[in-house]
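Peer 1: Provided herewith is a single structure, encoded as structure tokens, for subsequent inquiry.
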Amino acid sequence: MILGINGIIASSISGIVPITATGGTITFSGGRTIHTFTSSGTFNVTSAPSGATVEALVIAGGGGGGSYAGGGGGAGGLLYTAAKSISATAYAITVGSGGAGTVGFGSQGTNGNNSVFDTLTAIGGGRSNIQTTGPSSGGSGGGGGAFTFAGGAGTAGQGFAGGTFNGTGGGGGGGGASQVGFDGATLNKGGNGGDGLAYSISGSSVYYSGGGGAGGSAPTSAGNGGLGGGGNGGTQPANGVSGTANTGGGGGGSWINNGASGGSGIVIISYPT
């Protein structure tokens, strides 16, 4: 609240009616009120002027990493808007969980789950694969692993495709919000996950939605997770590393053991205090 001459509220003089709302974890930075949802809840707008808008970032859960020259999981879809229209009503917020990684040769991992704020739906990241089933499309696509070559597709406006299995053991990195996952290289080198994007809506610059790295056969041959919470790939015989919680990062793939789970998503809403 800003006080003018003689303590009169400045917003009353100018006719500005502030937005008031509850829900999530509420913080203040740079003259803005910030609602952060790390789990599902309700953004309850108790008052808003006609034509009110908020800044919003919606991140879905990342996809699970693969096993057996396993590719990285795709990052959760990322949606950002500087001006999302709102009114005085209650908005259900869904924060998607990360997808499961594969377990050895016998199981199939899963895509991440969607995150939702009103008309904004971020699509969960695509899983990588087991030997008999290819990677999946998603917000960003899962990386290809043995013996399915191409990575999964990303969703336009939310993320990019996963990298490609190179045919000699190097799985592809999961796609990220800003770039395609890197292809597997020679000498059984797993590809890096694609990088995500940085936003300052929380009050400081944070990267979100990085793709998971692919598994590798030697200590230096696993792919790194992309900026934005992507998990690193596992080197033989280690498992992949999970995507970071509340970033939408994809899970890391494994050379021959278990792929890792994707990181959960997040929803952040900001407006002038």
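Going through the structure tokens in order, the chains are called A, B, and so on, while each chain numbers its residues from 1 and the ligands are numbered from 1 in the order shown.
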Could you go through region 63-124 of chain A and tell me which residues DSSP, when run on the backbone, assigns to strand (DSSP E or B), listing them as a list in words?
Peer 2: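 Of region 63-124 of chain A, only Leu78, Leu79, Tyr80, Thr81, Ala82, Ala83, Lys84, Ser85, Ala90, Tyr91, Ala92, Ile93, Thr94, Ser115, Val116, Phe117, Leu120, Thr121 and Ala122 of chain A fall in strand (DSSP E or B).
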Peer 1: Would you please work out which residue, of A:Thr81, A:Thr133, A:Asn232, A:Ser261, is nearest to Ala245 (chain A) when using only C-alpha atoms?
Peer 2: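 Nearest to Ala245 (chain A): A:Ser261.
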Peer 1: Mind dumping a table of every region 32-145 of chain A residue within 12 Å of region 163-184 of chain A, with the nearest atom pair and its distance in Å to one decimal, using only C-alpha atoms, sorted by chain and rising number, as CSV?
Peer 2:
residue,atom,partner,partner_atom,distance
A:Ile59,CA,A:Ala177,CA,10.0
A:Ala60,CA,A:Ala177,CA,11.1
A:Gly62,CA,A:Gly174,CA,9.6
A:Gly63,CA,A:Gly174,CA,8.5
A:Gly64,CA,A:Gly174,CA,9.5
A:Gly65,CA,A:Gly174,CA,8.2
A:Gly66,CA,A:Gly171,CA,8.9
A:Ser67,CA,A:Gly171,CA,9.4
A:Tyr68,CA,A:Gly169,CA,8.5
A:Ala69,CA,A:Gly171,CA,5.3
A:Gly70,CA,A:Gly171,CA,5.4
A:Gly71,CA,A:Gly171,CA,4.6
A:Gly72,CA,A:Gly174,CA,4.4
A:Gly73,CA,A:Gly174,CA,4.8
A:Gly74,CA,A:Gly174,CA,4.2
A:Ala75,CA,A:Gly176,CA,5.2
A:Gly76,CA,A:Gly176,CA,8.0
A:Gly77,CA,A:Ala177,CA,7.0
A:Leu78,CA,A:Ala177,CA,6.5
A:Leu79,CA,A:Ala177,CA,9.4
A:Tyr80,CA,A:Ala177,CA,11.3
A:Asn111,CA,A:Gly174,CA,11.9
A:Ala122,CA,A:Ala177,CA,11.4
A:Ile123,CA,A:Ala177,CA,11.6
A:Gly124,CA,A:Gly176,CA,11.9
A:Gly125,CA,A:Gly175,CA,8.6
A:Gly126,CA,A:Gly174,CA,8.2
A:Arg127,CA,A:Gly174,CA,8.4
A:Ser128,CA,A:Gly174,CA,7.7
A:Asn129,CA,A:Gly171,CA,10.0
A:Ile130,CA,A:Gly171,CA,11.3
A:Gln131,CA,A:Gly171,CA,11.4
A:Gly134,CA,A:Phe165,CA,10.7
A:Pro135,CA,A:Gly174,CA,9.6
A:Ser136,CA,A:Gly174,CA,10.3
A:Ser137,CA,A:Gly175,CA,9.7
A:Gly138,CA,A:Gly175,CA,9.4
A:Gly139,CA,A:Ala177,CA,8.2
A:Ser140,CA,A:Gly175,CA,5.0
A:Gly141,CA,A:Gly175,CA,5.3
A:Gly142,CA,A:Gly174,CA,4.7
A:Gly143,CA,A:Gly172,CA,4.4
A:Gly144,CA,A:Phe165,CA,4.9
A:Gly145,CA,A:Gly171,CA,4.5
Peer 1: Quick one: distance from CA of Tyr199 (chain A) to CA of Ala92 (chain A) in Å, one decimal?
Peer 2: 23.0 Å
Peer 1: Contacts of Gly213 (chain A) at 6 Å or less, counting only C-alpha atoms, minus same-chain residues fewer than 6 places along, as a PyMOL selection string?
Peer 2: chain A and resi 72+173+192-193+223-225+232-233+252
Peer 1: Between A:Phe37, A:Phe147, A:Phe43, A:Tyr208, which is the closest to Ala90 (chain A) once you count only C-alpha atoms?
Peer 2: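 For Ala90 (chain A), the nearest of the candidates is A:Phe43.
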Peer 1: When you draw a straight line from CA of Lys84 (chain A) to CA of Tyr271 (chain A), how long is it in Å?
Peer 2: 10.2 Å
Peer 1: May I ask for the distance between CA of Asn246 (chain A) and CA of Ile19 (chain A), given in Å to one decimal place?
Peer 2: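 A separation of 25.8 Å between them.
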Peer 1: Write out as a count of residues only which residues come within 9 Å of Ser85 (chain A) when counting only C-alpha atoms, dropping same-chain ones fewer than 4 positions away.
Peer 2: 4
Peer 1: Per residue of region 117-235 of chain A within 10 Å of region 30-33 of chain A, record the nearest atom pair and its distance in Å to one decimal, counting only C-alpha atoms, with rows in chain order and ascending residue number, as a tab-separated table.
Peer 2:
residue	atom	partner	partner_atom	distance
A:Ile201	CA	A:Arg32	CA	9.4
A:Ser202	CA	A:Thr33	CA	9.5
A:Gly203	CA	A:Gly30	CA	7.2
Peer 1: Selection from above, C-alpha atoms, as a PDB file, in the first residue's frame, can you write it?
Peer 2:
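The new file again_18.pdb reads:
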ATOM      1  CA  ILE A 201       8.621 -14.081 -11.744  1.00  0.00           C
ATOM      2  CA  SER A 202       9.545 -15.515  -8.316  1.00  0.00           C
ATOM      3  CA  GLY A 203      11.641 -12.448  -7.488  1.00  0.00           C
TER       4      GLY A 203
END
Peer 1: Using only C-alpha atoms, find the one residue out of A:Thr132, A:Leu197, A:Ser204, A:Gly104 that sits nearest to Trp255 (chain A).
Peer 2: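 The closest residue to Trp255 (chain A) is A:Gly104.
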Peer 1: My list of candidates is A:Gly229, A:Ser50, A:Thr247, A:Val17. Which is closest to Ile268 (chain A) when distances are computed with only C-alpha atoms?
Peer 2: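 When distances to Ile268 (chain A) are compared using only C-alpha atoms, the smallest one comes from A:Thr247.
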Peer 1: Taking only C-alpha atoms into account, which of A:Gly228, A:Gly249, A:Thr46, A:Gly96 comes nearest Pro18 (chain A)?
Peer 2: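 When distances to Pro18 (chain A) are compared using only C-alpha atoms, the smallest one comes from A:Thr46.
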Peer 1: Find the spatial neighbours of Val267 (chain A), counting only C-alpha atoms, within a cut-off of 7 Å - ignore same-chain residues fewer than 4 positions away - and output them as JSON, numbers by chain.
Peer 2: {"A": [36, 37, 38, 57, 58, 59, 95]}
Peer 1: Okay, now the selection with N, CA and C atoms, as a short mmCIF file (atom, residue, chain, number, x, y, z; two decimals), in the first residue's frame?
Peer 2:
data_model
loop_
_atom_site.label_atom_id
_atom_site.label_comp_id
_atom_site.auth_asym_id
_atom_site.auth_seq_id
_atom_site.Cartn_x
_atom_site.Cartn_y
_atom_site.Cartn_z
N THR A 36 3.04 -18.76 -5.07
CA THR A 36 3.78 -19.91 -5.59
C THR A 36 3.08 -21.20 -5.16
N PHE A 37 2.70 -21.99 -6.15
CA PHE A 37 2.04 -23.28 -5.91
C PHE A 37 3.02 -24.40 -6.25
N THR A 38 3.48 -25.13 -5.22
CA THR A 38 4.32 -26.30 -5.44
C THR A 38 3.50 -27.59 -5.35
N LEU A 57 3.34 -18.17 -14.70
CA LEU A 57 4.24 -19.20 -15.22
C LEU A 57 3.69 -20.55 -14.80
N VAL A 58 3.47 -21.43 -15.77
CA VAL A 58 2.89 -22.75 -15.52
C VAL A 58 3.85 -23.80 -16.07
N ILE A 59 4.36 -24.68 -15.19
CA ILE A 59 5.33 -25.70 -15.56
C ILE A 59 4.75 -27.07 -15.22
N VAL A 95 -0.85 -28.79 -10.06
CA VAL A 95 0.59 -28.89 -10.24
C VAL A 95 0.92 -30.35 -10.53
#
